[in-house]
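Asks: Dropping in data.csv, with CSV, C-alpha atoms.
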chain,number,residue,atom,x,y,z
A,769,MET,CA,-12.7,-7.2,17.1
A,770,ILE,CA,-12.4,-7.6,13.4
A,771,TYR,CA,-10.0,-4.6,13.2
A,772,TYR,CA,-7.4,-5.9,15.8
A,773,TRP,CA,-5.6,-8.2,13.3
A,774,THR,CA,-4.5,-5.1,11.4
A,775,LEU,CA,-2.1,-4.3,14.3
A,776,PHE,CA,0.2,-7.2,13.6
A,777,PRO,CA,1.3,-6.5,10.0
A,778,LEU,CA,1.8,-2.8,11.0
A,779,VAL,CA,4.0,-3.6,14.1
A,780,ALA,CA,5.9,-6.3,12.2
A,781,GLY,CA,6.6,-4.0,9.3
A,782,ILE,CA,7.8,-1.1,11.6
A,783,SER,CA,10.0,-3.5,13.6
A,784,LEU,CA,11.6,-5.1,10.6
A,785,VAL,CA,12.3,-1.8,8.7
A,786,TYR,CA,13.6,0.0,11.8
A,787,SER,CA,15.9,-2.9,12.7
A,788,ALA,CA,17.2,-3.2,9.1
A,789,SER,CA,18.0,0.5,9.1
A,790,ARG,CA,20.1,0.1,12.3
A,791,HIS,CA,22.1,-3.1,11.5
A,792,GLU,CA,23.6,-4.9,8.6
A,793,SER,CA,24.0,-8.3,10.2
A,794,TRP,CA,20.9,-10.5,9.7
A,795,SER,CA,21.1,-12.1,13.1
A,796,ARG,CA,21.1,-8.6,14.7
A,797,ILE,CA,18.2,-7.5,12.5
A,798,GLY,CA,16.2,-10.5,13.4
A,799,TRP,CA,16.8,-10.2,17.1
A,800,GLN,CA,16.2,-6.5,17.3
A,801,SER,CA,13.0,-6.7,15.2
A,802,LEU,CA,11.7,-9.5,17.5
A,803,ARG,CA,12.5,-7.5,20.6
A,804,LEU,CA,11.0,-4.3,19.2
A,805,CYS,CA,7.9,-6.2,18.0
A,806,GLY,CA,7.5,-7.6,21.5
A,807,ALA,CA,8.1,-4.3,23.2
A,808,ILE,CA,5.5,-2.5,21.0
A,809,MET,CA,3.0,-5.2,21.5
A,810,GLY,CA,3.6,-5.3,25.2
A,811,ILE,CA,3.2,-1.6,25.6
A,812,LEU,CA,0.0,-1.7,23.5
A,813,LEU,CA,-1.3,-4.6,25.6
A,814,VAL,CA,-0.5,-2.8,28.9
A,815,THR,CA,-2.1,0.4,27.7
A,816,THR,CA,-5.2,-1.4,26.6
A,817,LEU,CA,-5.5,-3.2,30.0
A,818,ILE,CA,-5.1,0.1,31.9
A,819,LEU,CA,-7.7,1.7,29.7
A,820,LEU,CA,-10.0,-1.3,30.2
A,821,VAL,CA,-9.6,-1.1,34.0
A,822,VAL,CA,-10.1,2.6,34.0
A,823,ASN,CA,-13.1,2.2,31.8
A,824,THR,CA,-14.8,-0.3,34.0
A,825,GLN,CA,-14.3,1.9,37.1
A,826,VAL,CA,-16.0,4.9,35.6
B,814,MET,CA,32.6,-11.5,14.6
B,815,PRO,CA,33.8,-10.1,11.3
B,816,HIS,CA,32.2,-6.8,10.3
B,817,PRO,CA,30.5,-6.9,6.9
B,818,LYS,CA,31.8,-4.3,4.4
B,819,VAL,CA,29.2,-2.0,3.0
B,820,ASP,CA,29.9,-0.3,-0.3
B,821,LEU,CA,27.3,2.4,-0.7
B,822,LYS,CA,28.5,3.3,-4.2
B,823,ASN,CA,26.9,6.6,-5.4
B,824,ARG,CA,25.0,7.5,-2.3
B,825,LYS,CA,22.9,10.2,-3.9
B,826,LEU,CA,21.8,7.9,-6.7
B,827,ALA,CA,21.0,5.2,-4.1
B,828,LEU,CA,18.9,7.7,-2.2
B,829,VAL,CA,16.9,8.7,-5.3
B,830,LEU,CA,16.4,5.0,-6.3
B,831,ALA,CA,15.4,4.1,-2.7
B,832,TRP,CA,12.7,6.8,-2.9
B,833,MET,CA,11.5,5.6,-6.3
B,834,VAL,CA,11.0,2.0,-5.3
B,835,PRO,CA,11.6,0.9,-1.7
B,836,GLY,CA,14.7,-1.3,-1.7
B,837,LEU,CA,15.8,-0.3,-5.2
B,838,GLY,CA,18.7,1.8,-3.8
B,839,HIS,CA,19.9,-1.3,-1.9
B,840,PHE,CA,19.7,-3.5,-5.0
B,841,TYR,CA,21.9,-0.9,-6.7
B,842,GLN,CA,24.4,-1.2,-3.8
B,843,GLY,CA,24.3,-4.9,-4.0
B,844,ARG,CA,22.5,-5.3,-0.7
B,845,MET,CA,20.0,-7.6,-2.2
B,846,ALA,CA,18.5,-9.3,0.8
B,847,LYS,CA,18.0,-6.0,2.6
B,848,GLY,CA,16.4,-4.6,-0.6
B,849,VAL,CA,13.9,-7.4,-0.7
B,850,LEU,CA,13.1,-6.8,3.0
B,851,TYR,CA,12.4,-3.2,2.4
B,852,LEU,CA,10.5,-3.9,-0.8
B,853,VAL,CA,8.3,-6.5,0.7
B,854,SER,CA,7.7,-4.8,4.1
B,855,ILE,CA,7.0,-1.2,2.8
B,856,LEU,CA,5.2,-2.0,-0.5
B,857,SER,CA,3.0,-4.6,1.1
B,858,LEU,CA,2.0,-2.2,3.9
B,859,PHE,CA,1.3,0.5,1.4
B,860,LEU,CA,-0.8,-1.8,-0.9
B,861,MET,CA,-2.6,-3.4,2.0
B,862,GLY,CA,-3.6,0.1,3.2
B,863,LEU,CA,-4.6,1.2,-0.2
B,864,ALA,CA,-6.8,-1.9,-0.6
B,865,MET,CA,-8.4,-1.3,2.8
B,866,GLY,CA,-9.5,2.1,1.7
B,867,ASP,CA,-10.9,0.8,-1.6
B,868,TRP,CA,-8.0,2.4,-3.5
B,869,GLN,CA,-9.5,5.9,-2.8
B,870,ILE,CA,-7.5,7.1,0.2
B,871,VAL,CA,-4.3,8.3,-1.4
B,872,TYR,CA,-4.8,11.6,-3.3
B,873,TRP,CA,-3.5,15.1,-3.3
B,874,ARG,CA,-5.0,18.5,-3.9
B,875,TRP,CA,-3.1,21.8,-4.1
B,876,VAL,CA,-4.6,24.0,-1.4
B,877,ASN,CA,-3.2,26.4,1.0
B,878,PRO,CA,-2.4,24.4,4.2
B,879,ILE,CA,-2.9,27.4,6.4
B,880,SER,CA,-6.3,28.7,5.2
B,881,ASN,CA,-7.7,25.3,4.0
B,882,THR,CA,-6.9,22.9,6.9
B,883,GLU,CA,-10.0,20.9,6.3
B,884,THR,CA,-9.2,20.0,2.7
B,885,PHE,CA,-5.4,19.8,3.0
B,886,CYS,CA,-4.3,16.3,2.4
B,887,PHE,CA,-2.0,16.0,5.4
B,888,ASN,CA,-1.6,12.2,5.1
B,889,TYR,CA,-0.1,12.6,1.6
B,890,LEU,CA,3.0,14.3,3.2
B,891,GLY,CA,3.8,10.8,4.6
B,892,GLN,CA,2.4,8.7,1.7
B,893,PHE,CA,4.5,10.6,-0.9
B,894,TRP,CA,7.7,9.0,0.5
B,895,ALA,CA,6.5,5.5,-0.5
B,896,GLY,CA,7.8,6.4,-4.0
B,897,LEU,CA,6.5,6.0,-7.5
B,898,VAL,CA,3.6,4.0,-6.3
B,899,ALA,CA,2.2,7.2,-4.6
B,900,LEU,CA,3.3,9.6,-7.3
B,901,PRO,CA,0.1,9.4,-9.5
B,902,ALA,CA,-1.7,11.3,-6.7
B,903,LEU,CA,0.6,14.3,-7.2
B,904,ILE,CA,0.2,14.1,-11.0
B,905,GLN,CA,-3.6,13.8,-10.7
B,906,GLY,CA,-3.7,16.6,-8.1
B,907,SER,CA,-1.6,18.9,-10.3
B,908,LEU,CA,-3.7,18.2,-13.4
B,909,GLU,CA,-6.8,19.2,-11.3
B,910,TRP,CA,-5.1,22.3,-10.1
B,911,LYS,CA,-4.3,23.3,-13.7
B,912,GLY,CA,-8.0,22.8,-14.6
B,913,LEU,CA,-7.3,19.7,-16.6
B,914,GLU,CA,-9.1,16.4,-16.5
B,915,PRO,CA,-7.4,13.7,-14.5
B,916,ILE,CA,-5.9,10.8,-16.4
B,917,SER,CA,-8.7,8.2,-16.5
B,918,TRP,CA,-6.5,5.1,-16.7
B,919,LEU,CA,-4.3,6.2,-13.8
B,920,TYR,CA,-5.4,5.7,-10.2
B,921,MET,CA,-5.3,8.2,-7.3
B,922,ALA,CA,-7.4,10.9,-8.8
B,923,ARG,CA,-9.2,12.8,-6.0
B,924,PRO,CA,-12.5,11.1,-5.4
B,925,ASP,CA,-15.6,13.2,-5.3
B,926,ALA,CA,-17.4,14.0,-2.1
B,927,ASN,CA,-20.0,11.3,-2.6
B,928,THR,CA,-17.4,8.6,-3.1
B,929,ILE,CA,-15.5,9.7,0.1
B,930,ASN,CA,-18.7,9.9,2.1
B,931,GLY,CA,-19.7,6.4,0.8
B,932,LEU,CA,-16.4,4.9,1.9
B,933,TYR,CA,-17.0,5.1,5.6
B,934,PRO,CA,-20.4,3.3,5.7
B,935,ALA,CA,-19.0,0.6,3.4
B,936,LYS,CA,-15.5,0.1,4.8
B,937,GLY,CA,-15.9,1.3,8.4
B,938,LYS,CA,-12.7,1.8,10.3
B,939,PHE,CA,-10.7,0.2,7.5
B,940,VAL,CA,-10.6,3.6,5.8
B,941,GLU,CA,-8.7,5.1,8.8
B,942,ILE,CA,-6.5,2.1,9.2
B,943,GLY,CA,-5.7,2.0,5.5
B,944,THR,CA,-4.7,5.7,5.7
B,945,LEU,CA,-2.5,4.9,8.7
B,946,TYR,CA,-0.9,2.0,6.8
B,947,THR,CA,-0.1,4.0,3.7
B,948,THR,CA,1.2,6.9,5.7
B,949,VAL,CA,3.4,4.7,7.9
B,950,ALA,CA,4.7,2.9,4.8
B,951,GLY,CA,5.8,6.2,3.3
B,952,LEU,CA,7.5,7.3,6.6
B,953,LEU,CA,9.2,3.9,6.9
B,954,ASN,CA,10.7,4.4,3.4
B,955,ILE,CA,12.4,7.5,4.7
B,956,LEU,CA,14.3,5.2,7.1
B,957,ALA,CA,15.2,2.9,4.2
B,958,MET,CA,16.3,5.9,2.1
B,959,TYR,CA,18.5,7.0,5.0
B,960,ASP,CA,20.0,3.5,5.2
B,961,ALA,CA,20.8,3.6,1.5
B,962,TYR,CA,22.5,7.0,1.9
B,963,GLU,CA,24.3,6.6,5.2
B,964,GLY,CA,24.5,2.9,5.7
B,965,PRO,CA,23.4,1.1,8.9
B,966,ALA,CA,23.7,3.2,12.1
B,967,HIS,CA,25.3,0.7,14.3
B,968,LEU,CA,27.9,-0.6,11.8
B,969,ASP,CA,29.3,2.9,11.8
B,970,GLU,CA,29.8,2.9,15.6
B,971,GLU,CA,31.3,-0.6,15.6
B,972,GLU,CA,33.6,0.2,12.7
B,973,SER,CA,34.7,3.5,14.2
B,974,SER,CA,35.6,1.8,17.5
B,975,ILE,CA,37.8,-0.6,15.6
B,976,ALA,CA,39.4,2.2,13.6
B,977,ASN,CA,40.2,4.1,16.8
B,978,ASP,CA,41.8,1.1,18.4
B,979,PRO,CA,45.6,1.3,17.8
B,980,LYS,CA,45.9,-2.5,18.5
B,981,SER,CA,43.4,-3.3,15.8
B,982,GLU,CA,44.8,-4.6,12.5
B,983,LYS,CA,41.8,-3.1,10.7
B,984,ASN,CA,42.2,0.6,10.7
B,985,VAL,CA,40.4,1.4,7.6
B,986,ILE,CA,36.7,2.2,7.7
B,987,GLU,CA,35.1,0.9,4.6
B,988,VAL,CA,31.6,2.2,5.4
B,989,GLY,CA,30.2,5.3,3.7
B,990,ALA,CA,32.3,5.3,0.6
B,991,SER,CA,31.1,8.4,-1.1
B,992,ALA,CA,30.7,8.9,-4.8
Before anything else, please render the file you have as structure tokens.

Replies:
Amino acid sequence: MIYYWTLFPLVAGISLVYSASRHESWSRIGWQSLRLCGAIMGILLVTTLILLVVNTQV
Amino acid sequence: MPHPKVDLKNRKLALVLAWMVPGLGHFYQGRMAKGVLYLVSILSLFLMGLAMGDWQIVYWRWVNPISNTETFCFNYLGQFWAGLVALPALIQGSLEWKGLEPISWLYMARPDANTINGLYPAKGKFVEIGTLYTTVAGLLNILAMYDAYEGPAHLDEEESSIANDPKSEKNVIEVGASA
């Protein structure tokens, strides 16, 4: 469990830098980075849940 | 909504500056806030990763990547792009390759096998996570370099659509002014 926090700075950094490279307007950078951050975290969460379910069935 | 103008100045110089220090190319172009965002995001990821690996996970050695896949520093191909902060590894690795002693006051000399083997019991998964952090930081700086050279991707499209619209009063694209 102590390693999971390391995911947040990484995802936040990727989202911010990617969004900043796509837009010049700060409002768009902010919104896209939030959306991207949410999407990445959501995908990771769903993947983890699926793997957890699969793991408990084996 | 008015479109901000982006003066990229000398784009090649901005590209080199953006590699040297994340965000420096943007400072040169006068895009201060964006420069700060890149500087803080990329450098903090890189330094956090370096600290997680006890400052021993970024190094380079000159070996044949085909015949020495086990010792080839694959991660450094990404870490290198973080800029000057990762350059000492290349200097130290080159000194070692030439048969010279690494510079003692400079970090990123290749650690010996005992040090590397001792890292995993002491730091656990943080060694791998730190390597990931530093590599991703370098790869993210490629995005920042591209932004310094080409400008933001979507601004181009937005400005182009305005320029192609004959009814638009603004028919001049002021993005991507080359040197």

Asks: Tell me, counting all atoms listed in the file, for each residue of chain A within 9 Å of chain B, which pair of atoms is nearest and how far apart they are in Å to one decimal, in rows ordered by chain and increasing number, as JSON lines.

Replies:
{"residue": "A:Tyr771", "atom": "CA", "partner": "B:Phe939", "partner_atom": "CA", "distance": 7.5}
{"residue": "A:Thr774", "atom": "CA", "partner": "B:Ile942", "partner_atom": "CA", "distance": 7.8}
{"residue": "A:Pro777", "atom": "CA", "partner": "B:Leu858", "partner_atom": "CA", "distance": 7.5}
{"residue": "A:Leu778", "atom": "CA", "partner": "B:Tyr946", "partner_atom": "CA", "distance": 6.9}
{"residue": "A:Ala780", "atom": "CA", "partner": "B:Ser854", "partner_atom": "CA", "distance": 8.4}
{"residue": "A:Gly781", "atom": "CA", "partner": "B:Ser854", "partner_atom": "CA", "distance": 5.4}
{"residue": "A:Ile782", "atom": "CA", "partner": "B:Leu953", "partner_atom": "CA", "distance": 7.0}
{"residue": "A:Leu784", "atom": "CA", "partner": "B:Ser854", "partner_atom": "CA", "distance": 7.6}
{"residue": "A:Val785", "atom": "CA", "partner": "B:Tyr851", "partner_atom": "CA", "distance": 6.5}
{"residue": "A:Tyr786", "atom": "CA", "partner": "B:Leu956", "partner_atom": "CA", "distance": 7.0}
{"residue": "A:Ala788", "atom": "CA", "partner": "B:Lys847", "partner_atom": "CA", "distance": 7.1}
{"residue": "A:Ser789", "atom": "CA", "partner": "B:Asp960", "partner_atom": "CA", "distance": 5.3}
{"residue": "A:Arg790", "atom": "CA", "partner": "B:Ala966", "partner_atom": "CA", "distance": 4.8}
{"residue": "A:His791", "atom": "CA", "partner": "B:Pro965", "partner_atom": "CA", "distance": 5.1}
{"residue": "A:Glu792", "atom": "CA", "partner": "B:Pro965", "partner_atom": "CA", "distance": 6.0}
{"residue": "A:Ser793", "atom": "CA", "partner": "B:Pro817", "partner_atom": "CA", "distance": 7.4}
{"residue": "A:Trp794", "atom": "CA", "partner": "B:Lys847", "partner_atom": "CA", "distance": 8.9}

Asks: Counting only C-alpha atoms, which residue out of B:Gly836, B:Tyr841, B:Asn888, B:Tyr920 sits closest to Lys822 (chain B)?

Replies: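 Closest to Lys822 (chain B), using only C-alpha atoms: B:Tyr841.
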
Asks: Which residue is closest to Leu903 (chain B)? Choose from B:Leu821, B:Cys886, B:Ala935, B:Val940 and count all atoms listed in the file.

Replies: B:Cys886

Asks: Fewer than 2 positions away in the same chain doesn't count, so skip those; otherwise give me all residues within 10 Å of region 803-813 of chain A, counting only C-alpha atoms, as a PDB file with C-alpha atoms, in the coordinates of the input.

Replies:
ATOM      1  CA  LEU A 775      -2.100  -4.300  14.300  1.00  0.00           C
ATOM      2  CA  PHE A 776       0.200  -7.200  13.600  1.00  0.00           C
ATOM      3  CA  LEU A 778       1.800  -2.800  11.000  1.00  0.00           C
ATOM      4  CA  VAL A 779       4.000  -3.600  14.100  1.00  0.00           C
ATOM      5  CA  ALA A 780       5.900  -6.300  12.200  1.00  0.00           C
ATOM      6  CA  GLY A 781       6.600  -4.000   9.300  1.00  0.00           C
ATOM      7  CA  ILE A 782       7.800  -1.100  11.600  1.00  0.00           C
ATOM      8  CA  SER A 783      10.000  -3.500  13.600  1.00  0.00           C
ATOM      9  CA  LEU A 784      11.600  -5.100  10.600  1.00  0.00           C
ATOM     10  CA  TYR A 786      13.600   0.000  11.800  1.00  0.00           C
ATOM     11  CA  SER A 787      15.900  -2.900  12.700  1.00  0.00           C
ATOM     12  CA  ILE A 797      18.200  -7.500  12.500  1.00  0.00           C
ATOM     13  CA  GLY A 798      16.200 -10.500  13.400  1.00  0.00           C
ATOM     14  CA  TRP A 799      16.800 -10.200  17.100  1.00  0.00           C
ATOM     15  CA  GLN A 800      16.200  -6.500  17.300  1.00  0.00           C
ATOM     16  CA  SER A 801      13.000  -6.700  15.200  1.00  0.00           C
ATOM     17  CA  THR A 815      -2.100   0.400  27.700  1.00  0.00           C
ATOM     18  CA  THR A 816      -5.200  -1.400  26.600  1.00  0.00           C
ATOM     19  CA  LEU A 817      -5.500  -3.200  30.000  1.00  0.00           C
ATOM     20  CA  ILE A 818      -5.100   0.100  31.900  1.00  0.00           C
ATOM     21  CA  LEU A 819      -7.700   1.700  29.700  1.00  0.00           C
TER      22      LEU A 819
END

Asks: Nearest to Ala895 (chain B) among B:Trp832, B:Trp868, B:Trp918, B:Asp925, with distances taken over only C-alpha atoms: which residue is it?

Replies: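 Distance minimum relative to Ala895 (chain B) lands on B:Trp832.
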
Asks: For CA of Leu828 (chain B) and CA of Leu890 (chain B), determine how far apart the two atoms are, in Å to one decimal place.

Replies: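 So the answer is 18.0 Å.
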
Asks: How far is it from CA of Leu897 (chain B) to CA of Val834 (chain B), in Å with one decimal?

Replies: 6.4 Å

Asks: What's the separation between CA of Leu860 (chain B) and CA of Met769 (chain A), in Å to one decimal place?

Replies: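 Pair CA of Leu860 (chain B) / CA of Met769 (chain A) returns 22.2 Å.
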